[in-house]
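Enquirer: Take a look at the following structure, please.
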Amino acid sequence: MGKVIVVGHKNPDTDSIISSIIGAKYCKNILKQDAVAMRAGNLNNETKFILDKLGVKSPTMFKRNSTVKVVLVDHNESSQLAEGLDFSQVERIIDHHKVQIITETPIAIRTEPIGSTSALLAKLYREAGKKISSLEAKLLIAGIISDTWNLTGPTATEEDRKMLRELNGIAKLKINEFAKEIFAAKSSLKGISIKTIVDGDCKDFKVGKNKLGVALWETTDPNSVSPQKAEIIQALKEKKAREKLDYLFFFVVDVIKQNSLLYIFDDEEKNVAEKVFKTKVKDKEMFLPGIVSRKKQIIPPLTIELSK
Ligand SMILES: [Mn+2]
């Protein structure tokens, strides 16, 4: 078997980057396949903080290469593939998102309804009976904390809980303190432009003929971005036009109180959002208590509505 590149989604989050790093180790140590981790975009402040703290180098940026084979981690939608990558190059997927793919050749797929790809990788190590090092355990713990908000988010499962506990038997971290540091880094606006707020955690989806962008800004302090609402809305309008999106939804997600504020700047989004969330728009925003998860609470009802 030749060398594979292990890569997560565009606009990578912590789970995506850590899954590429540990996924490459999994390929080498367990599948006995030469592998290297790469990234599909710039690191966010949270991921930078974690890699710095643990003294781990960032994967390098994926560059267009039409012959190399890849392992996708933390995504499986072609709209979220690294730039310059074609789905025909994919030979394995390790993920925890909905699956909607048709492949032309057989590929290996492991997906589970679990809170993080990091927890799924911990599980794969366990299934193979292979020990995880302390550093690897710390990385996976960071991935679980980030994707499940330290197990408090709606996507966290019993399995994430179990994996976090097992990993910390090796890593011996003070989990709640580590989580606090991670959340502070997530919410930091240091060096963050309006463009990064809008693009940093945006995922594209295809629903029928519609091209849909769903962007989140997760924070412990929603008031930190509200003074920039007018500029954010301007940037959203430009992004929607530039990327020829039919719909663009932007949510400021409060990871502590677990609610979100959906910014509404066009009639298309307003009409759909009012039907889906059954809430009225006020001052170009919609307050949504309990709605915080793109994959569990936002994409499914939007998909149903836009498929009508
Ligand atoms: Mn993930």
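Going by the structure tokens order, chains are called A, B, ..., each with residues numbered from 1, while ligands are numbered from 1 in the order shown.
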Contacts of stretch 207-221 of chain A at 10 Å or less, counting only C-alpha atoms, minus same-chain residues fewer than 6 places along, as a tab-separated table (two decimals) with C-alpha atoms, in the first residue's frame?
Expert:
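As a result, result.tsv now contains:
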```tsv
chain	number	residue	atom	x	y	z
A	79	SER	CA	-18.54	20.18	-0.49
A	180	LYS	CA	-11.79	26.15	30.74
A	183	PHE	CA	-13.10	27.51	25.92
A	184	ALA	CA	-11.23	30.74	26.66
A	185	ALA	CA	-9.10	30.16	23.55
A	186	LYS	CA	-12.23	29.33	21.52
A	187	SER	CA	-13.87	32.62	22.53
A	188	SER	CA	-10.81	34.80	22.11
A	189	LEU	CA	-11.15	37.47	19.43
A	196	THR	CA	-12.72	34.80	10.25
A	197	ILE	CA	-15.87	35.07	12.38
A	198	VAL	CA	-17.98	34.51	9.28
A	199	ASP	CA	-15.80	31.93	7.46
A	200	GLY	CA	-13.97	30.24	10.32
A	201	ASP	CA	-16.56	27.56	11.05
A	236	LEU	CA	-22.39	37.61	5.27
A	239	LYS	CA	-19.97	35.93	1.21
A	240	LYS	CA	-23.38	34.76	0.04
A	243	GLU	CA	-19.84	31.97	-3.13
A	244	LYS	CA	-23.16	31.89	-4.99
A	245	LEU	CA	-24.97	30.41	-2.00
A	246	ASP	CA	-28.74	30.09	-2.12
A	247	TYR	CA	-28.87	30.37	1.65
A	248	LEU	CA	-26.38	31.40	4.31
A	249	PHE	CA	-27.21	30.94	7.98
A	250	PHE	CA	-24.96	32.37	10.69
A	251	PHE	CA	-25.41	31.44	14.35
A	252	VAL	CA	-23.66	32.90	17.38
A	253	VAL	CA	-23.68	29.92	19.73
A	254	ASP	CA	-23.44	30.36	23.49
A	255	VAL	CA	-21.67	27.21	24.66
A	256	ILE	CA	-22.36	27.95	28.33
A	257	LYS	CA	-26.05	28.86	28.34
A	258	GLN	CA	-26.55	26.64	25.27
A	260	SER	CA	-27.98	30.64	19.80
A	261	LEU	CA	-28.65	33.85	17.98
A	262	LEU	CA	-29.33	33.44	14.26
A	292	VAL	CA	-26.71	24.75	19.35
A	293	SER	CA	-25.77	21.73	17.24
A	294	ARG	CA	-25.39	22.11	13.49
A	298	ILE	CA	-29.87	22.73	12.47
A	299	ILE	CA	-29.05	20.70	9.35
A	302	LEU	CA	-33.27	22.77	7.24
A	303	THR	CA	-32.79	19.79	4.94
A	304	ILE	CA	-36.40	18.72	5.39
A	305	GLU	CA	-37.71	22.23	4.71
A	306	LEU	CA	-35.48	22.83	1.67
A	307	SER	CA	-36.32	19.40	0.19
A	308	LYS	CA	-40.02	20.27	0.02
```
Enquirer: Name each residue within 6 Å of ligand 1, counting only C-alpha atoms and all ligand atoms, as a count of residues only.
Expert: 6
Enquirer: Tell me which of A:Lys25, A:Lys296, A:Glu136, A:Ser224 sits closest to A:Gly55, counting only C-alpha atoms.
Expert: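 Smallest separation from A:Gly55 among the options: A:Glu136.
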Enquirer: Measure the distance from atom CA of A:Thr157 to atom CA of A:Phe205 in Å and round it to one decimal.
Expert: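 Computing the Euclidean distance for atom CA of A:Thr157 and atom CA of A:Phe205 yields 24.7 Å.
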Enquirer: Using DSSP on the backbone coordinates, identify the residues of stretch 18-213 of chain A assigned to alpha helix (DSSP H); present them as an mmCIF file with C-alpha atoms, in the first residue's frame.
Expert:
```cif
data_model
loop_
_atom_site.group_PDB
_atom_site.id
_atom_site.type_symbol
_atom_site.label_atom_id
_atom_site.label_comp_id
_atom_site.auth_asym_id
_atom_site.auth_seq_id
_atom_site.Cartn_x
_atom_site.Cartn_y
_atom_site.Cartn_z
ATOM 1 C CA ILE A 18 -6.613 16.234 15.977
ATOM 2 C CA SER A 19 -8.346 13.451 14.073
ATOM 3 C CA SER A 20 -5.948 13.960 11.171
ATOM 4 C CA ILE A 21 -2.930 13.768 13.499
ATOM 5 C CA ILE A 22 -4.131 10.679 15.383
ATOM 6 C CA GLY A 23 -5.723 9.221 12.226
ATOM 7 C CA ALA A 24 -2.299 9.231 10.547
ATOM 8 C CA LYS A 25 -0.839 7.419 13.574
ATOM 9 C CA TYR A 26 -3.707 4.929 13.417
ATOM 10 C CA CYS A 27 -2.946 4.229 9.755
ATOM 11 C CA LYS A 28 0.748 3.678 10.538
ATOM 12 C CA ASN A 29 0.511 1.786 13.810
ATOM 13 C CA ASN A 45 -7.371 30.122 17.940
ATOM 14 C CA GLU A 46 -8.598 27.169 19.966
ATOM 15 C CA THR A 47 -6.664 24.574 17.966
ATOM 16 C CA LYS A 48 -3.537 26.766 17.974
ATOM 17 C CA PHE A 49 -3.730 27.007 21.765
ATOM 18 C CA ILE A 50 -4.062 23.224 22.169
ATOM 19 C CA LEU A 51 -1.208 22.316 19.812
ATOM 20 C CA ASP A 52 1.048 24.967 21.407
ATOM 21 C CA LYS A 53 0.234 23.787 24.907
ATOM 22 C CA LEU A 54 0.912 20.155 24.050
ATOM 23 C CA THR A 117 -14.181 11.768 15.735
ATOM 24 C CA SER A 118 -11.527 11.920 18.457
ATOM 25 C CA ALA A 119 -13.607 9.576 20.657
ATOM 26 C CA LEU A 120 -14.174 7.282 17.677
ATOM 27 C CA LEU A 121 -10.405 7.078 17.107
ATOM 28 C CA ALA A 122 -9.891 6.218 20.780
ATOM 29 C CA LYS A 123 -12.411 3.448 20.259
ATOM 30 C CA LEU A 124 -10.593 2.172 17.160
ATOM 31 C CA TYR A 125 -7.351 1.985 19.145
ATOM 32 C CA ARG A 126 -9.125 0.084 21.874
ATOM 33 C CA GLU A 127 -10.689 -2.345 19.375
ATOM 34 C CA SER A 134 0.088 10.027 27.065
ATOM 35 C CA LEU A 135 0.487 12.748 24.414
ATOM 36 C CA GLU A 136 -1.961 11.039 22.058
ATOM 37 C CA ALA A 137 -4.437 10.681 24.916
ATOM 38 C CA LYS A 138 -4.131 14.410 25.693
ATOM 39 C CA LEU A 139 -4.761 15.297 22.067
ATOM 40 C CA LEU A 140 -7.835 13.073 21.857
ATOM 41 C CA ILE A 141 -9.150 14.471 25.136
ATOM 42 C CA ALA A 142 -8.828 17.996 23.694
ATOM 43 C CA GLY A 143 -10.757 16.851 20.602
ATOM 44 C CA ILE A 144 -13.544 15.376 22.719
ATOM 45 C CA ILE A 145 -13.739 18.450 24.973
ATOM 46 C CA SER A 146 -13.880 20.771 21.978
ATOM 47 C CA ASP A 147 -16.517 18.899 19.956
ATOM 48 C CA THR A 148 -18.799 18.023 22.907
ATOM 49 C CA GLU A 158 -22.176 7.859 26.783
ATOM 50 C CA GLU A 159 -19.322 6.615 24.575
ATOM 51 C CA ASP A 160 -17.615 10.022 24.567
ATOM 52 C CA ARG A 161 -17.869 10.027 28.349
ATOM 53 C CA LYS A 162 -16.388 6.545 28.570
ATOM 54 C CA MET A 163 -13.559 7.306 26.140
ATOM 55 C CA LEU A 164 -12.691 10.556 27.920
ATOM 56 C CA ARG A 165 -12.491 8.688 31.229
ATOM 57 C CA GLU A 166 -10.331 5.926 29.756
ATOM 58 C CA LEU A 167 -8.011 8.366 27.997
ATOM 59 C CA ASN A 168 -7.582 10.368 31.161
ATOM 60 C CA GLY A 169 -6.503 7.218 32.941
ATOM 61 C CA ILE A 170 -3.419 7.630 30.712
ATOM 62 C CA ALA A 171 -3.197 11.422 30.387
ATOM 63 C CA ILE A 175 -10.183 17.930 32.770
ATOM 64 C CA ASN A 176 -12.327 20.858 33.918
ATOM 65 C CA GLU A 177 -9.340 23.197 34.083
ATOM 66 C CA PHE A 178 -8.167 22.080 30.653
ATOM 67 C CA ALA A 179 -11.702 22.619 29.309
ATOM 68 C CA LYS A 180 -11.788 26.155 30.740
ATOM 69 C CA GLU A 181 -8.553 27.016 28.955
ATOM 70 C CA ILE A 182 -9.851 25.517 25.719
ATOM 71 C CA PHE A 183 -13.104 27.507 25.919
ATOM 72 C CA ALA A 184 -11.226 30.739 26.660
ATOM 73 C CA ALA A 185 -9.096 30.155 23.551
ATOM 74 C CA LYS A 186 -12.233 29.333 21.520
ATOM 75 C CA SER A 187 -13.866 32.617 22.534
ATOM 76 C CA ILE A 194 -14.808 39.761 10.719
ATOM 77 C CA LYS A 195 -13.983 37.439 7.823
ATOM 78 C CA THR A 196 -12.725 34.799 10.251
ATOM 79 C CA ILE A 197 -15.871 35.074 12.376
ATOM 80 C CA VAL A 198 -17.977 34.506 9.278
ATOM 81 C CA ASP A 199 -15.800 31.930 7.462
#
```
Enquirer: Please indicate the distance in Å from atom CA of A:Lys295 to atom CA of A:Asp13, rounded to one decimal place.
Expert: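 Interatomic distance here is 14.1 Å.
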Enquirer: Which residue gives the smallest distance to A:Arg64 among A:Gln80, A:Gln89, A:Gln100, A:Asn259, with only C-alpha atoms counted?
Expert: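 Ranked by minimum distance to A:Arg64, first place goes to A:Gln89.
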